[in-house]
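A.B. asks: Okay, here's the structure, questions in a sec.
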Amino acid sequence: MSEQVRDLPRRERLGWRLMGITLMLACAIGMVLNIGQILFDSRSQSAEIDHSVQRLLAVMREPATEAVYNIDDRLARRVLDGVLRFEGVLAAELVVGDSEVLARDKREPIASPFRFVTAALFGDRRDYRIELKAESGETVGSLRLQLDTYPPGRAFLARAGVVLALGMLNAGLLALLLLTVFHYFLTRPLVRMVEGLSSFDPNMPESIRLDVPAGHERDELGLWARSVNDLLTAIRENLARQREAETRASWLEHFDTLTGLANRTLLLANTTHAMTGATQDGEQVPPLAIVIVDIREFRDINAQYGVEYGDQVLREVAHRLNFIATGSTVLTARLAEDAFAFLMSGAHVRERADKLAKRLNIAFEAALGVGPNLLNLGIDIGIAVYPEDADSADQLIQNAERALSYAKKHQLTDAQFYQAEHDKELQLRKRLVRDLRVAPQRDQIHLHYQPLVGAQNGQVVAVEVLARWTHPELGNIAPVEFVPLAESSGQIVALGEWLLRRACQDAAMWRRVCPSPPRVAVNVSPMQLRERGFDLIVASALADAGLPASLLELEITETALIENIEQAIGILQRLRESGVRISIDDFGTGLASLSYLKRLPIDQLKIDISFIRDVLRDPSDAQIVKAIINLGHSLDLEVVAEGVEELAQRDLLASNGCDLMQGYLFAAPMDTAAFMNYLQRQSSARSVVVPISGGRSSV
Ligand code: C2E
Ligand code: CA
Ligand code: CA
């Protein structure tokens with residue numbers, strides 16, 4: 001802006017314009033005043049001219065009268081010479097009587113360009129005449145002269161000129177003085193402030209503060225400078241606020257608010273940068289690795305202790321991860337709810353990633369103290385390496401996630417490196433999850449039925465409902481495949497309710513064909529149990545089907561119960577009060593302690609299939625089975641053995657007091673038609689009764 005000041009044409013500058021105006025005004029006023037003065041002076045000058053001519057005539061009167069009286073030519077000529085010697089007299093004559101000219105003389109007027117001025121002021125010529133009288137008083141003649149006003153006016157003109165010139169000079173000096181004053185008091189401080197402002201960088205408003213020009217603290221310039229400073233302060237504050245907001249927005253865009261770690265966006269950006277930055281610089285791209293860590297039980301923690309506590313756990317986990325991050329870790333990020341990632345770079349990154357994974361596994365073997373609890377968190381780890389596993393950052397992260405999913409799915413405790421073959425499996429999983437969502441409506445989910453028979457009399461006491469999925473393209477998919485998928489995708493809640501309602505309807509139908517119908521046993525996923533109002537869903541399913549609660553049995557796995565004991569006790573209590581029976585499935589795998597078992601409101605233990613499988617060959621399995629039967633009975637529970645395939649197994653179990661048995665030996669799971677036939681055969685052979693010994697059956 002200071003250049004702009006210098007580049008201003010002179011006539012546009014304030015100082016010069018002020019000077020011009022002042023000069024013009026001063027000159028005009030000076031001119032008017034001076035001319036007035038001159039005009040005023042000219043009047044007295046005019047009178048002065050008359051006066052001096054009168055004096056001349058008075059001096060000449062006597063000799064002139066004598067010359068006329070005596071008609072003396074010589075005297076007359078001398079008189080006229082005397083008159084003409086007077087400056088400005090153009091012509092003079094002595095007249096005898098009225099008109100007889102005694103002597104006459106004249107002179108040429110002086111030529112001058114200023115003559116018009118004197119002519120204007122005093123008139124061009126002036127005529128004078130005096131009567132010449134004898135001593136007797138008689139008029140004898142006259143003396144006449146003509147005066148050119150220029151010669152006597154010339155001096156006046158010169159004086160007036162000087163006066164005018166001085167007046168103008170005065171005005172000029174005044175203007176110059178004013179220019180200086182304006183310059184020092186206005187233009188210069190203004191220019192300085194403008195220059196000060198011109199160094200103002202709008203992006204760095206703190207860079208400037210206008211100095212109040214010295215001596216102007218209390219005038220308008222000072223006021224102006226202060227106002228500008230106030231304005232700058234306001235701009236500064238505004239900008240600071242804006243910057244703060246921008247920084248915050250950018251932070252939010254790139255960081256996770258909960259843990260303070262980078263978020264997925266920043267991880268992606270940094271990975272991309274690491275890949276492309278080096279290429280642009282002509283350097284070789286360093287090998288990269290993405291290591292993703294996922295907390296296994298996080299959903300359970302959230303469900304059990306609440307979201308706030310879950311957040312606290314995540315913060316602690318982030319803290320621990322940050323601590324473990326090694327020198328080759330470029331960035332630690334939080335990818336999703338309970339998934340974290342490390343971006344690593346440098347030579348031998350694969351080995352380093354593997355090492356990091358091992359360190360992580362060791363670190364998470366130690367319990368994590370969060371609030372009042374010590375949590376044993378399990379982790380799954382997936383790793384993908386660049387450039388082997390991906391071309392882009394996005395793909396690299398995705399492939400690490402795929403490796404993680406693989407580890408989760410196969411419950412692998414070691415970190416999994418991405419392998420292309422795993423991808424196909426994951427694609428299939430994704431497809432199944434998608435297809436499963438619509439499977440019940442498309443009539444692809446069917447119920448199969450497997451009886452539980454009395455160990456002593458072989459009569460059908462209960463029927464377990466087992467889900468089957470017939471995929472239109474992939475054919476039959478076993479529940480061990482799709483149930484975990486439904487659990488991990490959260491679909492099990494809806495699917496489980498659907499299965500429960502179907503099972504209740506079926507059981508209600510059995511009552512119509514069977515005088516003493518079997519109970520229906522429905523498998524319940526831990527997730528269903530955790531859903532609020534599960535007891536109400538059960539009640540509604542029973543009511544809708546018109547099935548008495550005593551004919552419904554819920555199979556809940558031991559592990560699901562132990563993980564969530566307090567909540568489980570409450571809901572099981574309510575279910576059991578409504579008359580529904582509770583069975584612990586896969587018993588023996590979850591290491592439930594006796595104290596737990598005592599507290600749980602249950603009716604039945606279902607020994608896990610793995611113990612039955614080898615019960616004949618493995619003495620320790622046989623011991624365990626016997627112990628479970630005794631334990632169950634001591635707690636007044638009914639004991640079931642599942643997976644009984646051989647007669648010898650049946651005999652061993654029966655001789656040890658096992659109450660019920662289930663397995664291929666008696667019947668494999670059947671579809672509806674086969675099961676209806678089976679049920680009718682059973683009923684016609686004998687009426688189906690329920691003679692359970694030692695159980696706490698509410699039937
Ligand atoms: P589970 O509840 O322990 O069910 C018993 C499994 O053992 C069934 O497999 C059954 O077909 C099988 N089985 C029965 N008798 C024998 C035998 O003598 N020998 C052998 N080797 N196996 C036998 P399935 O139907 O494949 O079901 C597997 C698992 O899928 C079930 O284990 C259960 O955890 C789950 N599942 C099945 N249907 C449902 C359901 O409707 N809801 C839920 N939440 N889970 C279900
Ligand atoms: Ca079961
Ligand atoms: Ca089981």
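In the structure tokens, chains take the letters A, B, ... in the order shown, each chain's residues start at 1, and ligands count up from 1 in the order shown.
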Neighbours of ligand 1 at 8 Å or closer, counting only C-alpha atoms and all ligand atoms: which residues, as an MDAnalysis selection string?
C.D. replies: chainID A and resid 447:448 450 465:468 478:480 483 492 496 499:500 522:525 555 557 585:586 608:609 613 642:645 662:665 667:669
A.B. asks: What's around Ala76 in chain A at 12 Å? Count only C-alpha atoms, leave out sequence neighbours fewer than 5 positions away in its own chain, and write the answer as a PyMOL selection string.
C.D. replies: chain A and resi 60-71+81-83+92-96+101-105+141-143
A.B. asks: For ligand 3, which residue among A:Leu547, A:Val640, A:Leu377, A:Leu177 is the nearest when counting only C-alpha atoms and all ligand atoms?
C.D. replies: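 Answer, going by the shortest atom-to-atom distance: A:Val640.
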A.B. asks: Mind listing the strand (DSSP E or B) residues of range 8-114 of chain A, per DSSP on the backbone, as a PDB file with C-alpha atoms, in the first residue's frame?
C.D. replies:
ATOM      1  CA  VAL A  89       0.791  68.429 -19.452  1.00  0.00           C
ATOM      2  CA  LEU A  90      -0.017  67.742 -23.081  1.00  0.00           C
ATOM      3  CA  ALA A  91      -1.129  71.162 -24.206  1.00  0.00           C
ATOM      4  CA  ALA A  92      -1.366  74.659 -22.753  1.00  0.00           C
ATOM      5  CA  GLU A  93      -2.607  77.999 -24.103  1.00  0.00           C
ATOM      6  CA  LEU A  94      -2.934  81.562 -22.960  1.00  0.00           C
ATOM      7  CA  VAL A  95      -6.058  83.211 -24.231  1.00  0.00           C
ATOM      8  CA  VAL A  96      -6.659  86.946 -24.290  1.00  0.00           C
ATOM      9  CA  GLU A 100      -7.801  85.255 -28.860  1.00  0.00           C
ATOM     10  CA  VAL A 101      -4.915  82.872 -28.406  1.00  0.00           C
ATOM     11  CA  LEU A 102      -1.815  84.644 -27.282  1.00  0.00           C
ATOM     12  CA  ALA A 103       0.378  81.576 -27.041  1.00  0.00           C
ATOM     13  CA  ARG A 104      -0.124  77.863 -27.397  1.00  0.00           C
ATOM     14  CA  ASP A 105       2.115  74.890 -26.924  1.00  0.00           C
ATOM     15  CA  LYS A 106       1.736  71.113 -26.869  1.00  0.00           C
TER      16      LYS A 106
END
A.B. asks: CA of Arg576 in chain A and CA of Asp506 in chain A, how far apart in Å?
C.D. replies: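 Taking CA of Asp506 in chain A as the start and CA of Arg576 in chain A as the end point, the length is 21.2 Å.
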A.B. asks: Mind checking DSSP for range 557-657 of chain A and telling me the alpha helix (DSSP H) residues as a PyMOL selection string?
C.D. replies: chain A and resi 558-563+565-577+594-599+609-613+619-634+647-655
A.B. asks: Emit the selected residues as a PDB file, in the first residue's frame, including C-alpha atoms.
C.D. replies:
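Writing done, so here's out.pdb:
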ATOM      1  CA  GLU A 558     -22.715 -72.800  29.924  1.00  0.00           C
ATOM      2  CA  THR A 559     -20.208 -70.243  28.650  1.00  0.00           C
ATOM      3  CA  ALA A 560     -22.984 -67.745  27.876  1.00  0.00           C
ATOM      4  CA  LEU A 561     -24.212 -67.999  31.443  1.00  0.00           C
ATOM      5  CA  ILE A 562     -20.875 -67.696  33.170  1.00  0.00           C
ATOM      6  CA  GLU A 563     -19.865 -64.633  31.172  1.00  0.00           C
ATOM      7  CA  ILE A 565     -23.935 -64.426  35.491  1.00  0.00           C
ATOM      8  CA  GLU A 566     -25.691 -61.573  37.342  1.00  0.00           C
ATOM      9  CA  GLN A 567     -27.818 -60.508  34.412  1.00  0.00           C
ATOM     10  CA  ALA A 568     -28.481 -64.156  33.536  1.00  0.00           C
ATOM     11  CA  ILE A 569     -29.739 -64.990  37.024  1.00  0.00           C
ATOM     12  CA  GLY A 570     -32.338 -62.231  36.834  1.00  0.00           C
ATOM     13  CA  ILE A 571     -33.742 -63.176  33.503  1.00  0.00           C
ATOM     14  CA  LEU A 572     -33.636 -66.931  34.143  1.00  0.00           C
ATOM     15  CA  GLN A 573     -35.480 -66.343  37.390  1.00  0.00           C
ATOM     16  CA  ARG A 574     -38.276 -64.564  35.597  1.00  0.00           C
ATOM     17  CA  LEU A 575     -38.469 -67.200  32.875  1.00  0.00           C
ATOM     18  CA  ARG A 576     -38.514 -69.994  35.368  1.00  0.00           C
ATOM     19  CA  GLU A 577     -41.185 -68.308  37.443  1.00  0.00           C
ATOM     20  CA  LEU A 594     -20.108 -75.226  41.881  1.00  0.00           C
ATOM     21  CA  SER A 595     -21.019 -71.956  43.485  1.00  0.00           C
ATOM     22  CA  TYR A 596     -22.269 -70.615  40.172  1.00  0.00           C
ATOM     23  CA  LEU A 597     -24.287 -73.674  39.553  1.00  0.00           C
ATOM     24  CA  LYS A 598     -25.937 -73.408  42.945  1.00  0.00           C
ATOM     25  CA  ARG A 599     -27.045 -69.873  42.277  1.00  0.00           C
ATOM     26  CA  ILE A 609     -21.089 -84.018  23.351  1.00  0.00           C
ATOM     27  CA  SER A 610     -17.286 -84.143  23.582  1.00  0.00           C
ATOM     28  CA  PHE A 611     -17.399 -86.125  26.856  1.00  0.00           C
ATOM     29  CA  ILE A 612     -19.935 -88.594  25.513  1.00  0.00           C
ATOM     30  CA  ARG A 613     -18.022 -89.175  22.291  1.00  0.00           C
ATOM     31  CA  PRO A 619     -11.499 -93.220  31.352  1.00  0.00           C
ATOM     32  CA  SER A 620     -11.151 -89.591  32.379  1.00  0.00           C
ATOM     33  CA  ASP A 621     -14.145 -88.649  30.180  1.00  0.00           C
ATOM     34  CA  ALA A 622     -16.087 -91.421  31.840  1.00  0.00           C
ATOM     35  CA  GLN A 623     -15.117 -90.030  35.225  1.00  0.00           C
ATOM     36  CA  ILE A 624     -16.199 -86.576  34.223  1.00  0.00           C
ATOM     37  CA  VAL A 625     -19.549 -87.840  32.929  1.00  0.00           C
ATOM     38  CA  LYS A 626     -20.190 -89.694  36.172  1.00  0.00           C
ATOM     39  CA  ALA A 627     -19.188 -86.670  38.181  1.00  0.00           C
ATOM     40  CA  ILE A 628     -21.546 -84.430  36.214  1.00  0.00           C
ATOM     41  CA  ILE A 629     -24.423 -86.845  36.697  1.00  0.00           C
ATOM     42  CA  ASN A 630     -23.793 -86.928  40.432  1.00  0.00           C
ATOM     43  CA  LEU A 631     -23.347 -83.208  40.624  1.00  0.00           C
ATOM     44  CA  GLY A 632     -26.610 -82.640  38.748  1.00  0.00           C
ATOM     45  CA  HIS A 633     -28.523 -84.974  40.975  1.00  0.00           C
ATOM     46  CA  SER A 634     -27.022 -83.494  44.089  1.00  0.00           C
ATOM     47  CA  LEU A 647     -25.629 -98.993  22.776  1.00  0.00           C
ATOM     48  CA  ALA A 648     -22.646 -99.315  25.087  1.00  0.00           C
ATOM     49  CA  GLN A 649     -22.682 -95.571  25.626  1.00  0.00           C
ATOM     50  CA  ARG A 650     -26.379 -95.734  26.440  1.00  0.00           C
ATOM     51  CA  ASP A 651     -25.847 -98.571  28.882  1.00  0.00           C
ATOM     52  CA  LEU A 652     -22.961 -96.899  30.613  1.00  0.00           C
ATOM     53  CA  LEU A 653     -24.923 -93.660  30.970  1.00  0.00           C
ATOM     54  CA  ALA A 654     -28.092 -95.393  32.099  1.00  0.00           C
ATOM     55  CA  SER A 655     -26.247 -97.421  34.666  1.00  0.00           C
TER      56      SER A 655
END
A.B. asks: Which residue gives the smallest distance to ligand 2 among A:Glu464, A:Asp124, A:Asp614, A:Glu531, with only C-alpha atoms and all ligand atoms counted?
C.D. replies: A:Glu464
A.B. asks: Skip range 13-24 of chain A itself and residues of its chain fewer than 6 positions away, then list as a PyMOL selection string all residues within 9 Å of it, counting only C-alpha atoms.
C.D. replies: chain A and resi 5+171-180+182-183+186-187
A.B. asks: Quick one: residues within 10 Å of Met204 in chain A, only C-alpha atoms counted, chain neighbours fewer than 4 positions away excluded, as a PDB file with N, CA, C and O atoms, in the first residue's frame?
C.D. replies:
ATOM      1  N   PHE A 200       0.238  -5.024   6.903  1.00  0.00           N
ATOM      2  CA  PHE A 200      -0.715  -5.889   7.599  1.00  0.00           C
ATOM      3  C   PHE A 200      -0.952  -7.152   6.786  1.00  0.00           C
ATOM      4  O   PHE A 200      -1.337  -7.085   5.626  1.00  0.00           O
ATOM      5  N   ILE A 208       0.630  -6.667  13.437  1.00  0.00           N
ATOM      6  CA  ILE A 208       0.592  -5.211  13.354  1.00  0.00           C
ATOM      7  C   ILE A 208      -0.262  -4.572  14.434  1.00  0.00           C
ATOM      8  O   ILE A 208      -1.253  -5.129  14.885  1.00  0.00           O
ATOM      9  N   ARG A 236      -8.325  -9.823  14.868  1.00  0.00           N
ATOM     10  CA  ARG A 236      -7.410 -10.793  15.453  1.00  0.00           C
ATOM     11  C   ARG A 236      -8.169 -11.838  16.262  1.00  0.00           C
ATOM     12  O   ARG A 236      -7.988 -13.026  16.092  1.00  0.00           O
ATOM     13  N   LEU A 239     -10.260 -14.025  14.097  1.00  0.00           N
ATOM     14  CA  LEU A 239      -9.449 -14.968  13.345  1.00  0.00           C
ATOM     15  C   LEU A 239      -8.944 -16.081  14.251  1.00  0.00           C
ATOM     16  O   LEU A 239      -8.898 -17.243  13.868  1.00  0.00           O
ATOM     17  N   ALA A 240      -8.583 -15.666  15.472  1.00  0.00           N
ATOM     18  CA  ALA A 240      -8.093 -16.669  16.423  1.00  0.00           C
ATOM     19  C   ALA A 240      -9.193 -17.693  16.697  1.00  0.00           C
ATOM     20  O   ALA A 240      -8.939 -18.894  16.716  1.00  0.00           O
TER      21      ALA A 240
END
A.B. asks: Excluding same-chain residues fewer than 4 positions from Lys424 in chain A, what lies within 12 Å of it counting only C-alpha atoms, as a VMD selection string?
C.D. replies: chain A and resid 399 402 to 403 406 418 to 420 428 to 431
A.B. asks: Kindly save the residues from that selection, with all heavy atoms included, as an mmCIF file, in the first residue's frame.
C.D. replies:
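Contents of the output file part_30.cif:
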data_model
loop_
_atom_site.group_PDB
_atom_site.id
_atom_site.type_symbol
_atom_site.label_atom_id
_atom_site.label_comp_id
_atom_site.auth_asym_id
_atom_site.auth_seq_id
_atom_site.Cartn_x
_atom_site.Cartn_y
_atom_site.Cartn_z
ATOM 1 N N ASN A 399 -7.244 -55.421 3.814
ATOM 2 C CA ASN A 399 -6.684 -56.767 3.868
ATOM 3 C C ASN A 399 -6.222 -57.127 5.276
ATOM 4 O O ASN A 399 -6.327 -58.279 5.688
ATOM 5 C CB ASN A 399 -5.561 -56.915 2.854
ATOM 6 C CG ASN A 399 -6.123 -57.027 1.448
ATOM 7 O OD1 ASN A 399 -7.329 -57.218 1.275
ATOM 8 N ND2 ASN A 399 -5.284 -56.897 0.440
ATOM 9 N N ARG A 402 -9.264 -58.130 6.855
ATOM 10 C CA ARG A 402 -9.654 -59.485 6.432
ATOM 11 C C ARG A 402 -8.861 -60.526 7.211
ATOM 12 O O ARG A 402 -9.418 -61.534 7.650
ATOM 13 C CB ARG A 402 -9.397 -59.646 4.939
ATOM 14 C CG ARG A 402 -10.418 -58.875 4.148
ATOM 15 C CD ARG A 402 -10.294 -59.159 2.675
ATOM 16 N NE ARG A 402 -11.351 -58.460 1.997
ATOM 17 C CZ ARG A 402 -11.185 -57.683 0.941
ATOM 18 N NH1 ARG A 402 -9.992 -57.536 0.416
ATOM 19 N NH2 ARG A 402 -12.205 -57.074 0.401
ATOM 20 N N ALA A 403 -7.563 -60.269 7.361
ATOM 21 C CA ALA A 403 -6.729 -61.200 8.123
ATOM 22 C C ALA A 403 -7.259 -61.305 9.555
ATOM 23 O O ALA A 403 -7.323 -62.388 10.132
ATOM 24 C CB ALA A 403 -5.281 -60.719 8.119
ATOM 25 N N TYR A 406 -10.350 -63.355 9.695
ATOM 26 C CA TYR A 406 -9.975 -64.766 9.585
ATOM 27 C C TYR A 406 -9.538 -65.296 10.951
ATOM 28 O O TYR A 406 -9.962 -66.359 11.388
ATOM 29 C CB TYR A 406 -8.858 -64.926 8.557
ATOM 30 C CG TYR A 406 -8.538 -66.363 8.280
ATOM 31 C CD1 TYR A 406 -9.292 -67.088 7.365
ATOM 32 C CD2 TYR A 406 -7.503 -67.000 8.958
ATOM 33 C CE1 TYR A 406 -9.020 -68.419 7.122
ATOM 34 C CE2 TYR A 406 -7.225 -68.337 8.727
ATOM 35 C CZ TYR A 406 -7.983 -69.047 7.807
ATOM 36 O OH TYR A 406 -7.718 -70.364 7.584
ATOM 37 N N TYR A 418 -2.209 -61.490 6.247
ATOM 38 C CA TYR A 418 -3.181 -61.591 5.162
ATOM 39 C C TYR A 418 -2.744 -62.651 4.160
ATOM 40 O O TYR A 418 -1.580 -62.726 3.782
ATOM 41 C CB TYR A 418 -3.311 -60.238 4.453
ATOM 42 C CG TYR A 418 -4.118 -60.313 3.180
ATOM 43 C CD1 TYR A 418 -5.506 -60.383 3.230
ATOM 44 C CD2 TYR A 418 -3.486 -60.339 1.944
ATOM 45 C CE1 TYR A 418 -6.249 -60.485 2.067
ATOM 46 C CE2 TYR A 418 -4.218 -60.434 0.781
ATOM 47 C CZ TYR A 418 -5.590 -60.513 0.840
ATOM 48 O OH TYR A 418 -6.311 -60.606 -0.305
ATOM 49 N N GLN A 419 -3.692 -63.503 3.747
ATOM 50 C CA GLN A 419 -3.429 -64.465 2.680
ATOM 51 C C GLN A 419 -4.594 -64.391 1.717
ATOM 52 O O GLN A 419 -5.753 -64.403 2.142
ATOM 53 C CB GLN A 419 -3.321 -65.879 3.244
ATOM 54 C CG GLN A 419 -2.031 -66.110 4.027
ATOM 55 C CD GLN A 419 -2.027 -67.459 4.708
ATOM 56 O OE1 GLN A 419 -2.508 -68.440 4.160
ATOM 57 N NE2 GLN A 419 -1.505 -67.491 5.924
ATOM 58 N N ALA A 420 -4.249 -64.325 0.441
ATOM 59 C CA ALA A 420 -5.286 -64.122 -0.571
ATOM 60 C C ALA A 420 -6.397 -65.167 -0.472
ATOM 61 O O ALA A 420 -7.568 -64.856 -0.676
ATOM 62 C CB ALA A 420 -4.668 -64.132 -1.957
ATOM 63 N N LEU A 428 -17.258 -65.133 1.058
ATOM 64 C CA LEU A 428 -18.364 -66.065 1.240
ATOM 65 C C LEU A 428 -19.119 -65.733 2.523
ATOM 66 O O LEU A 428 -20.351 -65.701 2.539
ATOM 67 C CB LEU A 428 -17.813 -67.497 1.288
ATOM 68 C CG LEU A 428 -18.875 -68.570 1.499
ATOM 69 C CD1 LEU A 428 -19.787 -68.652 0.280
ATOM 70 C CD2 LEU A 428 -18.232 -69.931 1.766
ATOM 71 N N ARG A 429 -18.365 -65.460 3.578
ATOM 72 C CA ARG A 429 -19.006 -65.094 4.850
ATOM 73 C C ARG A 429 -19.899 -63.879 4.689
ATOM 74 O O ARG A 429 -21.031 -63.854 5.161
ATOM 75 C CB ARG A 429 -17.931 -64.764 5.901
ATOM 76 C CG ARG A 429 -17.410 -65.973 6.638
ATOM 77 C CD ARG A 429 -16.166 -65.587 7.404
ATOM 78 N NE ARG A 429 -16.438 -64.590 8.446
ATOM 79 C CZ ARG A 429 -16.897 -64.892 9.656
ATOM 80 N NH1 ARG A 429 -17.123 -66.136 9.967
ATOM 81 N NH2 ARG A 429 -17.113 -63.949 10.543
ATOM 82 N N LYS A 430 -19.350 -62.893 3.982
ATOM 83 C CA LYS A 430 -20.127 -61.667 3.773
ATOM 84 C C LYS A 430 -21.424 -61.982 3.040
ATOM 85 O O LYS A 430 -22.489 -61.473 3.371
ATOM 86 C CB LYS A 430 -19.307 -60.675 2.941
ATOM 87 C CG LYS A 430 -18.446 -59.775 3.777
ATOM 88 C CD LYS A 430 -17.907 -58.659 2.937
ATOM 89 C CE LYS A 430 -16.789 -57.931 3.678
ATOM 90 N NZ LYS A 430 -15.926 -57.193 2.776
ATOM 91 N N ARG A 431 -21.289 -62.834 2.040
ATOM 92 C CA ARG A 431 -22.453 -63.177 1.243
ATOM 93 C C ARG A 431 -23.475 -63.899 2.113
ATOM 94 O O ARG A 431 -24.674 -63.633 2.046
ATOM 95 C CB ARG A 431 -22.007 -64.081 0.093
ATOM 96 C CG ARG A 431 -23.162 -64.463 -0.772
ATOM 97 C CD ARG A 431 -22.719 -65.363 -1.879
ATOM 98 N NE ARG A 431 -23.895 -65.825 -2.588
ATOM 99 C CZ ARG A 431 -23.871 -66.787 -3.475
ATOM 100 N NH1 ARG A 431 -22.743 -67.368 -3.795
ATOM 101 N NH2 ARG A 431 -24.987 -67.157 -4.080
#
A.B. asks: Show which residues sit within 10 Å of Gln54 in chain A, as a list of chain:residue names. Count only C-alpha atoms, and ignore same-chain residues fewer than 4 positions away.
C.D. replies: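 Residues near the query, excluding close chain neighbours: A:Glu48, A:Ile49, A:Asp50, A:Ala58, A:Val59, A:Met60, A:Tyr128, A:Arg129, A:Ile130.
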A.B. asks: If we count only C-alpha atoms, what is near range 25-41 of chain A at a cut-off of 7 Å, once residues fewer than 4 positions away on the same chain are taken out, given as a VMD selection string?
C.D. replies: chain A and resid 21 45 160 164 167 to 168 171
A.B. asks: Could those selected residues go to a file with C-alpha atoms, as a PDB file, in the first residue's frame?
C.D. replies:
ATOM      1  CA  ILE A  21      -7.013  25.042  -2.987  1.00  0.00           C
ATOM      2  CA  GLN A  45      -4.488  59.791  -6.140  1.00  0.00           C
ATOM      3  CA  ALA A 160      -0.216  49.125  -6.959  1.00  0.00           C
ATOM      4  CA  LEU A 164      -0.490  43.177  -5.766  1.00  0.00           C
ATOM      5  CA  GLY A 167      -0.205  40.164  -1.882  1.00  0.00           C
ATOM      6  CA  MET A 168       0.237  37.207  -4.214  1.00  0.00           C
ATOM      7  CA  ALA A 171      -0.760  34.073  -0.513  1.00  0.00           C
TER       8      ALA A 171
END
A.B. asks: At what distance in Å, to one decimal, does CA of Ala262 in chain A lie from CA of Thr332 in chain A?
C.D. replies: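 Interatomic distance here is 6.4 Å.
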A.B. asks: Work out how far apart CA of Met661 in chain A and CA of Gly454 in chain A are and give it in Å to one decimal.
C.D. replies: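 Taking CA of Met661 in chain A as the start and CA of Gly454 in chain A as the end point, the length is 6.4 Å.
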